[in-house]
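Participant: Got a structure for you, questions after.
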Amino acid sequence: LSPSNGTASTALTNYLDTQYFGEIIIGSPAQMFNVVFDTGSANLWVPSQSCSPLYTACFTHNRYDASKSLTHIHNGTGFSIQYASGNVRGFLSEDIVGGIPVVQVFAEATALPAVPFIFAKFDGVLGMGYPDMAIDGITPVFDRIMSQDVLKEQVFSVYYSRDPQRIPGGQLLLGGTESKYYTGTFNYVHTKGEGKWEVTMKGVSVGMETLFCTEGCTAMIDTGSSFITGPASSVSVLMRTIGAVELAEGEYTVNCDLVMSLPIVAFHLGGQAYPLTQEDYILRFGEDICTVTFRALDIPPPTGPVWILGANFIARYYTKFDRRNNRIGFAQAA
Ligand SMILES: CC(C)(C)OC(=O)N[C@@H]1CNC[C@H](C(=O)N(Cc2cccc(Cl)c2Cl)C2CC2)C1
């Protein structure tokens, strides 16, 4: 994360097209962590050395050891982040983060729910959301970097590869866009102006018909989510339309032989349609398991109802998050 010509690039690892994460360092001497750069949240947290090893998810991940960092500053304020599946609890600390000498307030997690974090190949989360979303009113990492005036543009761009074998599995670029990761031009959509990476979506179409969100709805562009989620009422109809069957709670599969005949599903944002083909929304696990990467998820008000466009959308559309103009740009990913 050290800017050179006004931009700073971080290579990302692609784990099974469902987890994209990059390395950051915290403290002196450097302690390395793999983090998801998550536009759906705005805090930085990593597992703590003082997390009891009884928490399997702590035991199996890198842990920050304050006692080993010369630049550690004690804070101790409580911290808790409520995920859908459980909350991460801990306390705040301060230390140098990334190659940039930026002192950052972050959370050391001392309680990490096994579900979902035992499935995580990454250690923690670096929120790339707006300050309004930050728990405990902590200034997010990207805001601290912007206030240093080292970036050419007050934007960051995200490339997620669609092939787990491809190196790098993705890229986070602070300060600009990487021309080799997209083709054509950017189409922009303004954020809803509530301090979130959210836009107004104008419809969701299957084949030629706009079936959902016909009166307009909200879509969150979330680099930290693996899939695309929508209100259960809409997703269940969408699944029936494409002939998918519900396997587990909110999870759907299709017969792999039918994949080629599946319709295009398009998301209408800012007057532009963003189609996904079956290649973009089917994950093949082995020969005969084809899971659909749309999930039913009802998020209660005031946050919801909301569609979440996650990694498999971003893998198809190179995304530029523009804080200067409060807009999101999409281009065809290379
Ligand atoms: C309201 C607030 C708490 C800020 O909401 C959020 O933080 N909302 C976050 C929005 N982005 C996705 C985050 C999430 O679901 N995970 C878990 C996860 C995702 C994919 C794969 C795995 Cl293995 C895991 Cl563990 C964090 C890792 C990013 C929640």
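Lettering and numbering for the structure tokens are positional, with chains as A, B, ... in the shown order, residues counted from 1 in each chain, and ligands counted from 1 in the shown order.
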Using only C-alpha atoms and all ligand atoms, find each residue with an atom at most 6 Å away from ligand 1 and format the answer as a tab-separated table (two decimals) with N, CA, C and O atoms, in the first residue's frame.
Facilitator:
chain	number	residue	atom	x	y	z
A	19	GLN	N	-13.40	-15.62	-2.39
A	19	GLN	CA	-12.71	-14.78	-1.42
A	19	GLN	C	-11.52	-14.12	-2.12
A	19	GLN	O	-10.69	-14.82	-2.69
A	36	VAL	N	-9.57	-8.87	3.58
A	36	VAL	CA	-10.52	-8.56	2.51
A	36	VAL	C	-10.69	-7.04	2.50
A	36	VAL	O	-10.91	-6.45	3.56
A	38	ASP	N	-13.05	-4.50	1.94
A	38	ASP	CA	-14.49	-4.67	1.94
A	38	ASP	C	-15.23	-3.34	1.83
A	38	ASP	O	-15.27	-2.56	2.79
A	40	GLY	N	-18.26	-2.95	1.82
A	40	GLY	CA	-19.50	-3.02	2.59
A	40	GLY	C	-19.31	-2.72	4.06
A	40	GLY	O	-20.26	-2.82	4.85
A	41	SER	N	-18.10	-2.36	4.47
A	41	SER	CA	-17.86	-1.98	5.87
A	41	SER	C	-16.74	-0.95	5.90
A	41	SER	O	-16.13	-0.66	4.87
A	81	ILE	N	-18.62	-5.87	16.02
A	81	ILE	CA	-19.20	-5.70	14.68
A	81	ILE	C	-20.16	-6.85	14.45
A	81	ILE	O	-19.80	-8.02	14.62
A	82	GLN	N	-21.41	-6.53	14.17
A	82	GLN	CA	-22.46	-7.56	14.03
A	82	GLN	C	-22.52	-8.04	12.59
A	82	GLN	O	-23.01	-7.34	11.72
A	83	TYR	N	-22.01	-9.25	12.36
A	83	TYR	CA	-22.21	-9.86	11.04
A	83	TYR	C	-23.51	-10.65	11.07
A	83	TYR	O	-24.04	-10.96	12.14
A	116	PRO	N	-18.72	-17.44	10.25
A	116	PRO	CA	-18.13	-18.08	9.06
A	116	PRO	C	-16.61	-18.08	9.02
A	116	PRO	O	-16.03	-18.53	8.05
A	117	PHE	N	-15.92	-17.62	10.08
A	117	PHE	CA	-14.51	-17.31	9.94
A	117	PHE	C	-13.56	-18.51	9.86
A	117	PHE	O	-12.42	-18.36	9.45
A	119	PHE	N	-13.98	-20.65	7.70
A	119	PHE	CA	-13.90	-20.86	6.25
A	119	PHE	C	-13.08	-19.77	5.57
A	119	PHE	O	-12.84	-19.83	4.36
A	120	ALA	N	-12.69	-18.77	6.34
A	120	ALA	CA	-11.98	-17.63	5.74
A	120	ALA	C	-10.52	-17.96	5.53
A	120	ALA	O	-9.84	-18.44	6.44
A	125	VAL	N	-10.44	-7.99	8.09
A	125	VAL	CA	-11.19	-7.18	7.13
A	125	VAL	C	-10.68	-5.74	7.18
A	125	VAL	O	-10.51	-5.18	8.28
A	222	ASP	N	-20.57	-4.46	-3.21
A	222	ASP	CA	-19.87	-4.94	-2.03
A	222	ASP	C	-18.73	-5.90	-2.36
A	222	ASP	O	-18.95	-7.08	-2.63
A	224	GLY	N	-16.72	-7.19	-0.47
A	224	GLY	CA	-16.49	-8.18	0.58
A	224	GLY	C	-17.48	-9.33	0.57
A	224	GLY	O	-17.35	-10.28	1.34
A	225	SER	N	-18.50	-9.25	-0.31
A	225	SER	CA	-19.46	-10.36	-0.42
A	225	SER	C	-19.07	-11.24	-1.60
A	225	SER	O	-18.64	-10.74	-2.64
A	226	SER	N	-19.23	-12.54	-1.43
A	226	SER	CA	-18.84	-13.47	-2.50
A	226	SER	C	-19.82	-13.43	-3.67
A	226	SER	O	-19.44	-13.54	-4.82
Participant: Please give the complete set of residues from range 84-240 of chain A that DSSP, run on the backbone, assigns to strand (DSSP E), formatted as a ChimeraX atom specification.
Facilitator: /A:86-97,102-111,124-127,155-160,170-174,182-190,198-206,209-212,217-221,228-230
Participant: So, counting only C-alpha atoms, which residue among A:Leu258, A:Ile138, A:Ala114, A:Ala30 is closest to Lys68 in chain A?
Facilitator: A:Ala30
Participant: Between A:Ser234, A:Thr291, A:Ser205, A:Thr229, which residue has the minimum interatomic distance to Ala266 in chain A, considering only C-alpha atoms?
Facilitator: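 That would be A:Ser205, the residue with the smallest distance to Ala266 in chain A.
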Participant: Rank A:Gly124, A:Gly170, A:Gly129, A:Gly175 by their smallest atom-to-atom distance to Thr7 in chain A, using only C-alpha atoms, and report the top residue only.
Facilitator: A:Gly175
Participant: When you count only C-alpha atoms, which of these residues is closest to Gly329 in chain A: A:Ser261, A:Thr177, A:Asn75, A:Ser233?
Facilitator: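 Nearest candidate to Gly329 in chain A out of A:Ser261, A:Thr177, A:Asn75, A:Ser233: A:Thr177.
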Participant: Would you list the contacts of range 8-12 of chain A as a compact mmCIF listing (two decimals) with N, CA, C and O atoms, in the first residue's frame, taking every protein, DNA or RNA residue within 9 Å and counting only C-alpha atoms, but skipping same-chain residues closer than 5 positions in sequence?
Facilitator:
# COMPACT_ATOMS: atom_id res chain seq x y z
N LEU A 1 0.85 -1.22 0.00
CA LEU A 1 0.00 0.00 0.00
C LEU A 1 0.87 1.25 0.00
O LEU A 1 0.51 2.23 0.61
N SER A 2 2.03 1.18 -0.69
CA SER A 2 2.87 2.40 -0.64
C SER A 2 2.76 3.13 -1.99
O SER A 2 3.15 2.60 -3.02
N PRO A 3 2.19 4.34 -1.99
CA PRO A 3 1.98 5.03 -3.26
C PRO A 3 3.31 5.44 -3.90
O PRO A 3 4.21 5.87 -3.19
N TYR A 20 -11.49 -12.78 -2.09
CA TYR A 20 -10.36 -12.06 -2.71
C TYR A 20 -9.72 -11.23 -1.60
O TYR A 20 -10.41 -10.47 -0.94
N PHE A 21 -8.42 -11.44 -1.38
CA PHE A 21 -7.78 -10.74 -0.25
C PHE A 21 -6.34 -10.39 -0.59
O PHE A 21 -5.73 -10.97 -1.48
N GLY A 22 -5.83 -9.39 0.12
CA GLY A 22 -4.45 -8.94 -0.12
C GLY A 22 -3.73 -8.77 1.21
O GLY A 22 -4.34 -8.81 2.28
N GLU A 23 -2.40 -8.59 1.11
CA GLU A 23 -1.57 -8.50 2.32
C GLU A 23 -1.44 -7.05 2.79
O GLU A 23 -1.28 -6.14 1.98
N ILE A 24 -1.51 -6.85 4.11
CA ILE A 24 -1.13 -5.57 4.70
C ILE A 24 -0.17 -5.89 5.83
O ILE A 24 -0.10 -7.03 6.29
N VAL A 36 -9.57 -8.87 3.58
CA VAL A 36 -10.52 -8.56 2.51
C VAL A 36 -10.69 -7.04 2.50
O VAL A 36 -10.91 -6.45 3.56
N LEU A 151 -2.45 10.74 -3.26
CA LEU A 151 -3.09 10.04 -4.37
C LEU A 151 -3.38 11.00 -5.53
O LEU A 151 -3.82 12.13 -5.30
N TYR A 159 -10.13 -5.01 -9.31
CA TYR A 159 -10.16 -6.05 -10.34
C TYR A 159 -10.20 -7.40 -9.64
O TYR A 159 -9.36 -7.67 -8.76
N TYR A 160 -11.21 -8.21 -9.93
CA TYR A 160 -11.28 -9.59 -9.41
C TYR A 160 -11.20 -10.53 -10.62
O TYR A 160 -12.00 -10.44 -11.54
N ILE A 167 -2.81 -15.45 -12.13
CA ILE A 167 -2.02 -14.67 -11.17
C ILE A 167 -1.88 -13.25 -11.72
O ILE A 167 -1.52 -13.09 -12.89
N PRO A 168 -2.11 -12.15 -11.03
CA PRO A 168 -2.67 -12.17 -9.68
C PRO A 168 -4.17 -12.47 -9.74
O PRO A 168 -4.79 -12.34 -10.79
N GLY A 169 -4.69 -12.88 -8.62
CA GLY A 169 -6.12 -13.18 -8.55
C GLY A 169 -6.97 -11.93 -8.56
O GLY A 169 -8.19 -11.99 -8.62
N GLY A 170 -6.30 -10.77 -8.50
CA GLY A 170 -7.04 -9.52 -8.52
C GLY A 170 -6.10 -8.39 -8.16
O GLY A 170 -4.91 -8.59 -7.91
N GLN A 171 -6.65 -7.17 -8.18
CA GLN A 171 -5.84 -6.00 -7.82
C GLN A 171 -6.71 -4.94 -7.17
O GLN A 171 -7.84 -4.70 -7.63
N LEU A 172 -6.18 -4.34 -6.11
CA LEU A 172 -6.79 -3.13 -5.56
C LEU A 172 -5.83 -2.00 -5.93
O LEU A 172 -4.64 -2.07 -5.63
N LEU A 173 -6.33 -0.99 -6.64
CA LEU A 173 -5.48 0.14 -7.01
C LEU A 173 -6.01 1.40 -6.34
O LEU A 173 -7.16 1.80 -6.61
N LEU A 174 -5.19 1.99 -5.47
CA LEU A 174 -5.60 3.26 -4.83
C LEU A 174 -5.13 4.40 -5.72
O LEU A 174 -4.00 4.37 -6.20
N GLY A 175 -5.98 5.37 -5.98
CA GLY A 175 -5.56 6.57 -6.69
C GLY A 175 -5.81 6.57 -8.18
O GLY A 175 -5.48 7.56 -8.86
N GLY A 176 -6.37 5.49 -8.73
CA GLY A 176 -6.61 5.50 -10.18
C GLY A 176 -7.23 4.21 -10.67
O GLY A 176 -7.84 3.47 -9.90
Participant: Write out as a PyMOL selection string each polymer residue whose atoms come within 12 Å of Gly78 in chain A, counting only C-alpha atoms; drop sequence neighbours fewer than 6 positions from it.
Facilitator: chain A and resi 88-93+106-111+135-136
Participant: Measure the distance from CA of Pro140 in chain A to CA of Phe186 in chain A in Å and round it to one decimal.
Facilitator: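 Distance between the two atoms: 26.1 Å.
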Participant: Neighbouring residues of Val265 in chain A were defined as those with any atom within 7 Å, considering only C-alpha atoms; residues of the same chain fewer than 5 positions away were excluded. Please report them as a list in words.
Facilitator: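 Near neighbours after the sequence-gap exclusion: Ser205, Val206, Gly207, Pro275, Leu276 and Thr277 of chain A.
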Participant: Could you tell me which of A:Phe156, A:Trp197, A:Trp45, A:Tyr15 comes closest to Met133 in chain A if we count only C-alpha atoms?
Facilitator: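 Looking only at the distances to Met133 in chain A, the closest residue turns out to be A:Trp197.
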Participant: Could you list, as a PyMOL selection string, every residue within 8 Å of Val204 in chain A, counting only C-alpha atoms and ignoring same-chain residues fewer than 6 positions away?
Facilitator: chain A and resi 210-214+265-268
